Every structure is written in structure tokens, then in C-alpha cells.
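File shown: input.cif (mmCIF, C-alpha atoms and all ligand atoms).
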data_run
#
loop_
_atom_site.label_atom_id
_atom_site.label_comp_id
_atom_site.auth_asym_id
_atom_site.auth_seq_id
_atom_site.Cartn_x
_atom_site.Cartn_y
_atom_site.Cartn_z
CA MET A 1 5.50 -48.18 2.83
CA ALA A 2 2.95 -45.33 2.72
CA ASN A 3 -0.72 -45.74 1.80
CA GLY A 4 -1.03 -44.05 -1.60
CA ILE A 5 -3.67 -41.33 -1.74
CA VAL A 6 -5.15 -39.04 -4.38
CA VAL A 7 -7.13 -35.82 -3.79
CA ALA A 8 -8.88 -33.87 -6.55
CA SER A 9 -11.42 -31.21 -7.33
CA ALA A 10 -14.85 -32.82 -7.82
CA ASN A 11 -14.54 -32.91 -11.63
CA GLY A 12 -11.46 -35.10 -11.13
CA SER A 13 -13.66 -38.04 -10.12
CA VAL A 14 -13.37 -39.51 -13.65
CA GLY A 15 -9.63 -39.97 -13.07
CA MET A 16 -9.54 -41.14 -9.45
CA GLU A 17 -9.69 -44.90 -9.91
CA ALA A 18 -7.10 -44.82 -12.69
CA ALA A 19 -4.78 -42.77 -10.48
CA VAL A 20 -5.09 -45.19 -7.56
CA ASP A 21 -4.57 -48.16 -9.92
CA VAL A 22 -1.25 -46.58 -10.90
CA LEU A 23 -0.28 -46.32 -7.22
CA ARG A 24 -1.35 -49.92 -6.53
CA SER A 25 0.88 -51.14 -9.32
CA GLY A 26 3.82 -49.30 -7.76
CA GLY A 27 3.70 -46.24 -10.02
CA THR A 28 4.90 -42.84 -8.89
CA ALA A 29 2.74 -39.96 -7.73
CA LEU A 30 3.63 -38.17 -10.96
CA ASP A 31 2.51 -41.15 -13.09
CA ALA A 32 -0.79 -41.21 -11.18
CA VAL A 33 -1.43 -37.48 -11.57
CA VAL A 34 -0.67 -37.50 -15.31
CA ALA A 35 -2.88 -40.57 -15.90
CA ALA A 36 -5.77 -38.94 -14.05
CA LEU A 37 -5.38 -35.58 -15.78
CA ALA A 38 -5.40 -37.28 -19.21
CA LEU A 39 -8.85 -38.74 -18.48
CA VAL A 40 -10.29 -35.37 -17.44
CA GLU A 41 -8.69 -33.68 -20.46
CA ALA A 42 -10.41 -36.28 -22.70
CA ASN A 43 -13.83 -35.94 -21.03
CA PRO A 44 -16.24 -34.22 -23.49
CA GLU A 45 -18.65 -33.43 -20.65
CA ASP A 46 -16.15 -31.22 -18.83
CA HIS A 47 -16.13 -27.78 -20.44
CA SER A 48 -13.40 -26.44 -18.20
CA VAL A 49 -10.50 -28.72 -19.16
CA GLY A 50 -8.91 -30.08 -22.35
CA TYR A 51 -11.15 -31.40 -25.14
CA ALA A 52 -14.52 -29.57 -25.13
CA GLY A 53 -13.08 -26.78 -22.98
CA LEU A 54 -14.77 -23.44 -23.64
CA PRO A 55 -12.95 -21.18 -26.14
CA ASN A 56 -11.48 -17.70 -25.73
CA MET A 57 -12.96 -14.47 -27.11
CA LEU A 58 -12.00 -15.49 -30.67
CA GLY A 59 -13.43 -19.02 -30.45
CA GLN A 60 -10.01 -20.68 -29.95
CA VAL A 61 -9.50 -23.23 -27.18
CA GLU A 62 -6.32 -22.37 -25.24
CA LEU A 63 -5.15 -24.82 -22.57
CA ASP A 64 -2.95 -24.27 -19.48
CA ALA A 65 -1.47 -27.06 -17.35
CA SER A 66 1.28 -27.70 -14.82
CA LEU A 67 2.92 -30.52 -12.89
CA MET A 68 5.16 -30.46 -9.84
CA GLU A 69 7.09 -33.13 -7.96
CA GLY A 70 7.60 -32.76 -4.23
CA LYS A 71 11.03 -34.38 -4.27
CA GLY A 72 13.52 -31.94 -5.74
CA LEU A 73 10.74 -29.49 -6.67
CA ARG A 74 10.86 -30.28 -10.38
CA ALA A 75 8.10 -28.55 -12.35
CA GLY A 76 6.82 -28.20 -15.90
CA SER A 77 4.03 -26.12 -17.43
CA VAL A 78 2.42 -25.15 -20.69
CA ALA A 79 0.13 -22.22 -21.38
CA ALA A 80 -2.10 -20.97 -24.20
CA LEU A 81 -1.70 -24.32 -25.98
CA GLN A 82 -3.95 -24.71 -29.03
CA ASP A 83 -4.89 -27.82 -31.05
CA TYR A 84 -3.65 -30.46 -28.59
CA GLN A 85 -5.68 -32.00 -25.76
CA ASP A 86 -2.88 -33.56 -23.67
CA ALA A 87 -1.67 -30.45 -21.89
CA ALA A 88 -0.54 -32.32 -18.76
CA GLN A 89 1.49 -34.83 -20.77
CA LEU A 90 3.10 -31.88 -22.53
CA ALA A 91 3.88 -30.23 -19.18
CA ARG A 92 5.67 -33.47 -18.29
CA SER A 93 7.71 -33.20 -21.49
CA VAL A 94 8.71 -29.66 -20.50
CA MET A 95 9.73 -30.87 -17.03
CA GLU A 96 11.63 -33.92 -18.21
CA GLY A 97 12.90 -32.88 -21.63
CA LEU A 98 13.73 -29.18 -21.55
CA PRO A 99 15.88 -26.99 -19.28
CA HIS A 100 12.79 -24.80 -18.72
CA VAL A 101 9.66 -24.69 -16.59
CA LEU A 102 7.02 -22.91 -18.73
CA ILE A 103 6.46 -23.03 -22.50
CA VAL A 104 3.63 -20.99 -24.05
CA GLY A 105 1.66 -20.57 -27.28
CA GLU A 106 3.46 -21.46 -30.51
CA GLY A 107 6.36 -22.98 -28.59
CA ALA A 108 4.00 -25.30 -26.74
CA ARG A 109 2.33 -26.32 -30.00
CA ARG A 110 5.71 -26.97 -31.57
CA LEU A 111 6.77 -29.16 -28.63
CA ALA A 112 3.47 -31.07 -28.82
CA ALA A 113 4.17 -31.88 -32.48
CA GLU A 114 7.78 -32.83 -31.74
CA THR A 115 6.75 -35.19 -28.97
CA GLY A 116 4.17 -36.91 -31.18
CA LEU A 117 0.97 -35.81 -29.44
CA GLU A 118 -2.21 -36.10 -31.47
CA GLN A 119 -3.42 -32.83 -33.02
CA LYS A 120 -7.19 -32.36 -32.88
CA ASP A 121 -10.04 -29.90 -32.97
CA LEU A 122 -10.78 -29.29 -29.30
CA THR A 123 -14.29 -27.94 -29.82
CA THR A 124 -17.50 -30.00 -29.69
CA THR A 125 -21.04 -29.14 -30.81
CA GLU A 126 -21.99 -28.56 -27.18
CA SER A 127 -18.93 -26.50 -26.24
CA LEU A 128 -19.46 -24.27 -29.28
CA GLU A 129 -23.14 -23.85 -28.41
CA ILE A 130 -22.27 -22.66 -24.91
CA TRP A 131 -19.56 -20.39 -26.28
CA LYS A 132 -21.88 -18.93 -28.93
CA SER A 133 -24.60 -18.29 -26.34
CA ARG A 134 -22.48 -15.42 -25.07
CA ALA A 135 -20.30 -14.77 -28.10
CA ASP A 136 -22.99 -12.51 -29.59
CA GLU A 137 -22.47 -10.16 -26.66
CA LEU A 138 -18.77 -10.08 -27.49
CA SER A 139 -19.10 -9.98 -31.29
CA GLU A 140 -18.75 -6.22 -31.46
CA ILE A 141 -15.46 -6.45 -29.64
CA GLY A 142 -12.41 -6.40 -31.84
CA SER A 143 -9.98 -5.00 -29.34
CA ALA A 144 -9.52 -4.38 -25.64
CA ASP A 145 -10.76 -0.79 -26.24
CA ASP A 146 -14.19 -1.93 -27.42
CA GLY A 147 -15.71 -2.64 -24.04
CA TYR A 148 -14.24 -6.08 -23.38
CA TYR A 149 -13.59 -5.13 -19.74
CA ASN A 150 -17.21 -4.18 -19.03
CA HIS A 151 -18.68 -7.11 -20.95
CA MET A 152 -16.49 -9.54 -19.09
CA ARG A 153 -17.33 -7.97 -15.74
CA ASP A 154 -21.05 -8.53 -16.41
CA LEU A 155 -20.39 -12.03 -17.63
CA VAL A 156 -18.28 -12.95 -14.60
CA LYS A 157 -21.05 -11.76 -12.29
CA ARG A 158 -23.45 -14.15 -14.03
CA MET A 159 -21.03 -17.09 -14.26
CA SER A 160 -21.41 -18.15 -10.64
CA SER A 161 -25.20 -18.29 -10.72
CA ASP A 162 -25.87 -19.65 -14.22
CA PRO A 163 -25.59 -23.49 -14.26
CA GLN A 164 -24.73 -23.43 -17.96
CA LEU A 165 -21.80 -21.13 -17.29
CA VAL A 166 -20.56 -22.82 -14.15
CA ASP A 167 -17.69 -24.50 -16.05
CA ALA A 168 -16.68 -21.15 -17.48
CA HIS A 169 -14.07 -20.68 -14.79
CA GLY A 170 -13.50 -24.33 -13.85
CA THR A 171 -10.24 -26.29 -13.75
CA VAL A 172 -9.11 -29.67 -12.42
CA ASN A 173 -6.62 -30.29 -9.58
CA PHE A 174 -4.94 -33.57 -8.55
CA LEU A 175 -2.64 -34.02 -5.54
CA CYS A 176 -1.05 -37.38 -4.83
CA ARG A 177 1.23 -39.16 -2.37
CA ASP A 178 2.62 -42.51 -3.54
CA ARG A 179 3.79 -45.60 -1.65
CA ASN A 180 7.27 -44.12 -1.26
CA GLY A 181 5.77 -41.09 0.47
CA GLU A 182 6.62 -38.87 -2.49
CA PHE A 183 4.17 -36.20 -3.70
CA ALA A 184 3.12 -34.80 -7.07
CA SER A 185 0.53 -32.22 -8.03
CA GLY A 186 -1.12 -31.35 -11.32
CA VAL A 187 -3.55 -28.80 -12.69
CA SER A 188 -5.18 -28.55 -16.12
CA THR A 189 -7.67 -26.06 -17.53
CA SER A 190 -9.06 -24.37 -20.60
CA GLY A 191 -9.07 -21.22 -18.46
CA TRP A 192 -11.74 -18.59 -18.49
CA ALA A 193 -14.29 -18.95 -21.24
CA TRP A 194 -14.29 -15.89 -23.54
CA LYS A 195 -10.93 -14.84 -22.09
CA TYR A 196 -8.75 -12.34 -23.92
CA PRO A 197 -6.52 -14.32 -26.35
CA GLY A 198 -3.23 -15.25 -24.72
CA ARG A 199 -4.57 -14.82 -21.21
CA VAL A 200 -2.77 -17.21 -18.85
CA GLY A 201 -4.31 -18.05 -15.47
CA ASP A 202 -2.88 -19.52 -12.29
CA SER A 203 -2.95 -23.17 -13.40
CA PRO A 204 0.43 -23.22 -15.18
CA ILE A 205 2.06 -20.80 -12.73
CA ILE A 206 4.06 -22.71 -10.13
CA GLY A 207 3.26 -21.23 -6.75
CA ALA A 208 -0.02 -19.65 -7.85
CA GLY A 209 -2.30 -22.54 -8.91
CA ASN A 210 -0.01 -25.45 -8.03
CA TYR A 211 2.68 -26.20 -5.46
CA CYS A 212 4.14 -29.32 -3.93
CA ASP A 213 7.00 -30.09 -1.52
CA ASP A 214 7.50 -33.56 0.02
CA ARG A 215 8.59 -31.93 3.29
CA TRP A 216 5.35 -30.01 3.88
CA GLY A 217 2.59 -31.14 1.49
CA ALA A 218 0.80 -29.90 -1.61
CA ALA A 219 -1.95 -27.51 -2.69
CA ALA A 220 -3.73 -26.50 -5.90
CA CYS A 221 -6.44 -24.03 -6.87
CA THR A 222 -9.52 -23.66 -9.02
CA GLY A 223 -11.54 -20.50 -9.56
CA ARG A 224 -10.45 -17.02 -10.59
CA GLY A 225 -6.80 -17.54 -11.44
CA GLU A 226 -5.87 -13.89 -11.29
CA MET A 227 -6.58 -13.95 -7.55
CA ALA A 228 -4.31 -16.96 -6.94
CA GLN A 229 -1.65 -15.35 -9.13
CA ARG A 230 -1.64 -12.17 -7.05
CA CYS A 231 -1.48 -14.01 -3.70
CA CYS A 232 0.70 -17.00 -4.73
CA THR A 233 -2.03 -19.06 -3.11
CA ALA A 234 -0.81 -22.65 -3.58
CA HIS A 235 2.67 -21.75 -2.35
CA SER A 236 1.16 -19.89 0.59
CA VAL A 237 -0.72 -22.99 1.76
CA VAL A 238 2.46 -25.10 1.69
CA THR A 239 4.49 -22.36 3.37
CA PHE A 240 1.91 -21.93 6.12
CA MET A 241 2.16 -25.67 6.84
CA ARG A 242 5.95 -25.37 6.81
CA PHE A 243 5.71 -22.81 9.59
CA GLY A 244 3.47 -24.96 11.76
CA MET A 245 -0.14 -24.53 10.69
CA SER A 246 -2.38 -27.55 10.19
CA LEU A 247 -3.69 -28.08 6.65
CA GLU A 248 -7.11 -26.69 7.64
CA GLU A 249 -5.51 -23.58 9.16
CA ALA A 250 -3.24 -23.10 6.14
CA LEU A 251 -6.11 -23.40 3.65
CA THR A 252 -8.22 -20.97 5.66
CA GLN A 253 -5.41 -18.42 5.97
CA ALA A 254 -4.71 -18.58 2.23
CA MET A 255 -8.39 -17.82 1.56
CA ILE A 256 -8.39 -14.95 4.09
CA ASP A 257 -5.37 -13.48 2.25
CA LEU A 258 -7.52 -13.20 -0.90
CA LYS A 259 -9.89 -10.82 0.87
CA GLN A 260 -7.46 -7.92 0.56
CA LEU A 261 -7.51 -7.99 -3.25
CA ASP A 262 -8.98 -4.99 -4.99
CA ASP A 263 -10.65 -6.92 -7.82
CA PRO A 264 -13.88 -5.99 -9.60
CA PHE A 265 -13.82 -9.50 -11.12
CA ALA A 266 -13.46 -11.30 -7.78
CA SER A 267 -15.31 -14.61 -7.99
CA GLU A 268 -15.27 -18.09 -6.57
CA MET A 269 -11.99 -19.50 -5.27
CA ASN A 270 -11.30 -23.08 -4.20
CA ILE A 271 -8.18 -24.84 -2.87
CA VAL A 272 -7.42 -28.53 -2.30
CA GLY A 273 -4.57 -29.59 -0.02
CA LEU A 274 -2.68 -32.65 1.18
CA ASP A 275 -0.44 -32.43 4.24
CA LYS A 276 2.91 -34.20 4.60
CA ASP A 277 1.26 -37.12 6.41
CA GLY A 278 -1.22 -37.68 3.59
CA ASN A 279 -4.26 -36.01 5.21
CA PRO A 280 -6.52 -34.28 2.66
CA GLY A 281 -8.59 -31.10 2.98
CA ALA A 282 -10.27 -28.45 0.83
CA VAL A 283 -11.88 -25.03 1.09
CA SER A 284 -14.13 -22.91 -1.08
CA SER A 285 -15.54 -19.42 -1.02
CA SER A 286 -18.91 -20.95 -2.02
CA PRO A 287 -21.06 -23.19 0.18
CA GLU A 288 -21.72 -26.86 -0.60
CA LYS A 289 -18.68 -27.29 -2.83
CA THR A 290 -17.07 -30.72 -2.79
CA TYR A 291 -13.81 -32.48 -3.56
CA VAL A 292 -12.89 -36.15 -3.97
CA VAL A 293 -10.50 -38.44 -2.12
CA MET A 294 -9.39 -42.03 -2.70
CA ASP A 295 -6.61 -44.07 -1.12
CA GLU A 296 -5.38 -47.55 -1.83
CA SER A 297 -7.66 -49.13 0.78
CA MET A 298 -10.81 -47.78 -0.90
CA SER A 299 -12.77 -49.40 -3.73
CA THR A 300 -13.84 -46.04 -5.17
CA TRP A 301 -13.57 -42.33 -4.48
CA ASP A 302 -15.32 -40.51 -1.68
CA GLU A 303 -16.92 -37.11 -2.30
CA ARG A 304 -16.51 -34.75 0.68
CA GLU A 305 -17.74 -31.25 1.46
CA ARG A 306 -15.20 -28.41 1.45
CA THR A 307 -14.95 -26.02 4.37
CA THR A 308 -16.53 -22.72 3.32
CA VAL A 309 -14.44 -19.60 3.93
CA GLN A 310 -16.21 -16.29 3.24
CA ILE A 311 -13.97 -13.99 1.21
CA PHE A 312 -16.59 -11.53 -0.03
CA ALA A 313 -18.33 -8.87 2.07
N1 LIG A 401 -8.09 -21.23 -12.31
C1 LIG A 401 -8.13 -21.34 -13.69
C2 LIG A 401 -8.01 -20.08 -14.42
O1 LIG A 401 -8.24 -19.02 -13.87
O2 LIG A 401 -7.67 -20.13 -15.57
#

Please lay out the structure from this file as C-alpha cells.
Amino acid sequence: MANGIVVASANGSVGMEAAVDVLRSGGTALDAVVAALALVEANPEDHSVGYAGLPNMLGQVELDASLMEGKGLRAGSVAALQDYQDAAQLARSVMEGLPHVLIVGEGARRLAAETGLEQKDLTTTESLEIWKSRADELSEIGSADDGYYNHMRDLVKRMSSDPQLVDAHGTVNFLCRDRNGEFASGVSTSGWAWKYPGRVGDSPIIGAGNYCDDRWGAAACTGRGEMAQRCCTAHSVVTFMRFGMSLEEALTQAMIDLKQLDDPFASEMNIVGLDKDGNPGAVSSSPEKTYVVMDESMSTWDERERTTVQIFA
């Protein structure tokens, strides 16, 4: 029997103990990941995921999420979901109840209603205040022609240094191996704050923000999703391990691959990984970034520093 283990981005700490409790009671890696994601999605203090996530350009909260199982490579995702907090649970419904992988927008909302999820206003006083603090800058913008590109480029430059905006491109990742040695991975996000309506990031894209294969391990991303989409970053990490790299080498190589991107919006990128033997690791393009780890032998989660990999000149 394997020692169950859970790895997450630092904002996943609110779900770690619940995830390990699921493993201790014999639950699957997928059960653990979904339970943990639900707690982050419900956390009003996290403005990058679920309830209280920061809205898009029009003030609408649009959620993206995905799940993947390492045995059989089953996957399910939702994108641009409005009015429902439980994006990960809905991704599970896609995976288990439909012959599809990714359901977006109105279809996702329809499925949420059909599966009995609770409809709710996803904004809070605080999330709207943060959104409004920059919405004035965007208020003149009615279309992509009105300067949205330049406004967003300025905003993205400021996001990394302004503590109030730090959640503006956040996301949560969970990777898990259960007692049977089977893996699951999950990602949930409200995506970029002030994003263009309908914008979908890497989080619900299997291979970009999330990938998992029992034979080689798992990886998931936070940060600028368009970069992970263009380099298939999560899949790259798993593939690099498949072809013999250690987890640390695979994570580093996947970050180095991002350097080639011609991207005026290039910003922070982070990856968490779990190798096939259950060893965790994580990298970031920014110094002093952390991630969290907890296995069944631990009474609570441990916060660890990520390896920093420079991707900007
Ligand atoms: N990585 C999350 C996003 O770009 O939406």
C-alpha cells in the first residue's frame, strides 16, 4: 500500500487536511483532489479561484477548472462558467457523465443546473472593490479596438508588484497519489482579472495547465496561462519524466522552454509536480514562492520553497 500524498500551490493549504483525510479513509486520489478544490473554491479570501474570484472586463466572474486521472487518462474540464462556484465538481460531472472532455460557457451553466449545483452570486464586497479599483481604467473600453490590449499590458506589468493585484493571475493546483498508487490532478481558477469575456486560460486545457499519468507522474501550472497553453507545459513535465529526467530536471526544462515565447504579456509562471514514486517538487519564475505538501504520516501540511528558474532576461 502506498503512502498517500497531496501537493498543492500555496493557496491550496486550506484544502490539504481535508484531502489527506479522504486518503486516510481509503478514498481515491480523485475524491481527495475534488474535496480540496471545493474548499478553495468556497474560500472568500482567495480572489483567484471560485467564489470571490476577480471578474472579467465586464464585471462577470468566469471560472475554469479541470481534473485528470492518471489511470486511463480520463479528464474533464469546464471553462467560462458563470454563476456556479463548484467548477471542479462540474469538471467531474463532465468526466464521468458526458462523452466529452471540455464544456464551456452556457453549456457549462446548463450542466451545473442539471446536476443540481447551487447557483450563486460569485462576487463579494471585497472582490468587487478590487475589481473596481482598476475597472475605471477599462471603463472606456467597449471593444477590443478601444485599447484593451495596451491597458491590459500596463495592468499585467503592475500585477506582479502590487500586493492587492497579486491574486489577479492566481489559480490553485492539487496533485495527489492515493494508497493504491493511483494519481489525480486538479486545477481551478477565476482566470485573469479584467480578462476579455470568454477568455479561457490553461487551467481547463488538458496538457497545458494540468496533466497526470500514473506511469510517470503529474504536473500543474499557475501563472500566465497563455504561456502554458503555447508550450503544453504540464504535459511537457510528465513527458520529460517519461524520457528519463528527474522531476526537478523536468520542471526546470519546462520553465526553460517558456523562455522562447515572444510575449509582451509574459509574467510569472509556476509549476508543481509529483513523480511516479510520490516525490513532490515545484518551480517558479519568481523568488521565494512556496508550495505545500502533506502525506498520510503528517499531522498538517508543510510549506516548502520552490526552486526559482529565471525565464526573463
Ligand atoms: N493560469 C490561470 C490562467 O491563466 O487563467

* Asked: Counting all atoms listed in the file, which of A:Glu268, A:Asp31, A:Glu17, A:Glu114 gets nearest to ligand LIG 401 (chain A)?
  ->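 Using all atoms listed in the file, ligand LIG 401 (chain A) sits closest to A:Glu268.
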
* Name all residues at most 7 Å from A:Ile103 (count all atoms listed in the file; drop same-chain ones fewer than 2 positions away) and give them as a PyMOL selection string. => chain A and resi 77-79+101+107-108

* Compute the set of protein, DNA and RNA residues whose minimum atom distance to ligand LIG 401 (chain A) is at most 8 Å, using all atoms listed in the file, and state it as a VMD selection string. => chain A and resid 64 169 to 171 189 to 192 200 to 203 209 221 to 226 228

* For atom CA of A:Ala218 and atom CA of A:Leu274, the interatomic separation in Å (one decimal) ->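 These two atoms are separated by 5.2 Å.
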
* Report the distance between atom CA of A:Val187 and atom CA of A:Pro204 in Å, rounded to one decimal place. =>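 If I compute the distance from atom CA of A:Val187 to atom CA of A:Pro204, I get 7.3 Å.
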
* Asked: Got a sec: who's within 12 Å of A:Thr300, counting all atoms listed in the file, leaving out chain neighbours fewer than 3 positions off, as a VMD selection string?
  -> chain A and resid 5 to 6 13 to 21 292 to 297 303

* Asked: Which distance in Å separates atom CA of A:Ser286 and atom CA of A:Gly198, to one decimal?
  -> 28.2 Å

* Asked: If I put a ball of radius 8 Å at (0.0, -23.0, -0.2) in the file's coordinates, which residues poke into it when counting all atoms listed in the file, written as a list of chain:residue names?
  -> A:Gly207, A:Tyr211, A:Ala218, A:Ala219, A:Ala220, A:Cys232, A:Thr233, A:Ala234, A:His235, A:Ser236, A:Val237, A:Val238, A:Thr239, A:Phe240, A:Met241, A:Ala250, A:Leu251, A:Ala254

* **Nearest candidate to A:Glu62 (options A:Thr28, A:Ser48, A:Asn11, A:Thr124; using only C-alpha atoms)** =>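 Of A:Thr28, A:Ser48, A:Asn11, A:Thr124, the one nearest A:Glu62 is A:Ser48, counting only C-alpha atoms.
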
List every residue of stretch 64-136 of chain A that has an atom at most 12 Å from any atom of stretch 177-181 of chain A, and for each one report the closest atom pair and its distance in Å to one decimal, counting all atoms listed in the file, with rows sorted by chain and then by increasing residue number, as JSON lines.
{"residue": "A:Glu69", "atom": "CA", "partner": "A:Arg177", "partner_atom": "CA", "distance": 10.1}
{"residue": "A:Gly70", "atom": "CA", "partner": "A:Arg177", "partner_atom": "CA", "distance": 9.2}
{"residue": "A:Lys71", "atom": "CA", "partner": "A:Gly181", "partner_atom": "CA", "distance": 9.8}

How would the residues just chosen look if you wrote them out with C-alpha atoms as a PDB file, keeping the file's coordinate frame?
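Result file is selection_28.pdb:
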ATOM      1  CA  GLU A  69       7.090 -33.130  -7.960  1.00  0.00           C
ATOM      2  CA  GLY A  70       7.600 -32.760  -4.230  1.00  0.00           C
ATOM      3  CA  LYS A  71      11.030 -34.380  -4.270  1.00  0.00           C
TER       4      LYS A  71
END

* To do: Using all atoms listed in the file, determine which residues lie at most 9 Å from A:Leu122, disregarding the query and same-chain residues fewer than 2 positions distant; provide the list as an MDAnalysis selection string.
  => chainID A and resid 50:53 55 60:61 82:85 119:120 124

* **Shell around A:Ala184 at 7 Å using all atoms listed in the file, local window under 5 positions removed, as number ranges by chain** => A: 29-30, 33, 68-70, 175-177, 212

Could those residues be written to a file, using C-alpha atoms, as a tab-separated table (two decimals), in the frame of the given file?
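File written: result.tsv
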chain	number	residue	atom	x	y	z
A	29	ALA	CA	2.74	-39.96	-7.73
A	30	LEU	CA	3.63	-38.17	-10.96
A	33	VAL	CA	-1.43	-37.48	-11.57
A	68	MET	CA	5.16	-30.46	-9.84
A	69	GLU	CA	7.09	-33.13	-7.96
A	70	GLY	CA	7.60	-32.76	-4.23
A	175	LEU	CA	-2.64	-34.02	-5.54
A	176	CYS	CA	-1.05	-37.38	-4.83
A	177	ARG	CA	1.23	-39.16	-2.37
A	212	CYS	CA	4.14	-29.32	-3.93

* Could you tell me which of A:Asp262, A:Asp257, A:Asp121, A:Glu45 comes closest to A:Cys231 if we count only C-alpha atoms? =>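 Of all the options, A:Asp257 lies closest to A:Cys231.
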
* Among listed residues A:Val22, A:Met227, A:Ile256, A:Ala32, nearest A:Ala8 (using only C-alpha atoms) ->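 Nearest to A:Ala8: A:Ala32.
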
So that I can check the surroundings of A:Met57, please list as a PDB file with C-alpha atoms, in the frame of the given file every protein, DNA and RNA residue that reaches within 6 Å of it, counting all atoms listed in the file and ignoring chain neighbours fewer than 5 positions away.
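File produced: selection.pdb:
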ATOM      1  CA  TRP A 194     -14.290 -15.890 -23.540  1.00  0.00           C
ATOM      2  CA  LYS A 195     -10.930 -14.840 -22.090  1.00  0.00           C
ATOM      3  CA  TYR A 196      -8.750 -12.340 -23.920  1.00  0.00           C
TER       4      TYR A 196
END

* Asked: Using only C-alpha atoms, what residues lie at most 9 Å away from (-17.2, -24.7, 4.4) (file coordinates), given as a ChimeraX atom specification?
  -> /A:282-289,305-310

* Asked: Which one of A:Ala10, A:Ile206, A:Ala266, A:Val34 sits closest to A:Asp46 if you count all atoms listed in the file?
  ->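 Counting all atoms listed in the file, the residue closest to A:Asp46 is A:Ala10.
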
* From A:Thr252, A:Asn56, A:Ser299, A:Ser188, residue lying nearest A:Leu128 [all atoms listed in the file] -> A:Asn56

Taking all atoms of stretch 56-60 of chain A that appear in the file, build a box with edges along x, y and z, extend it by 5 Å on every side, and state its centre and edge lengths in Å to one decimal, as AutoDock Vina command-line options.
--center_x -11.7 --center_y -17.6 --center_z -28.2 --size_x 13.4 --size_y 16.2 --size_z 14.9
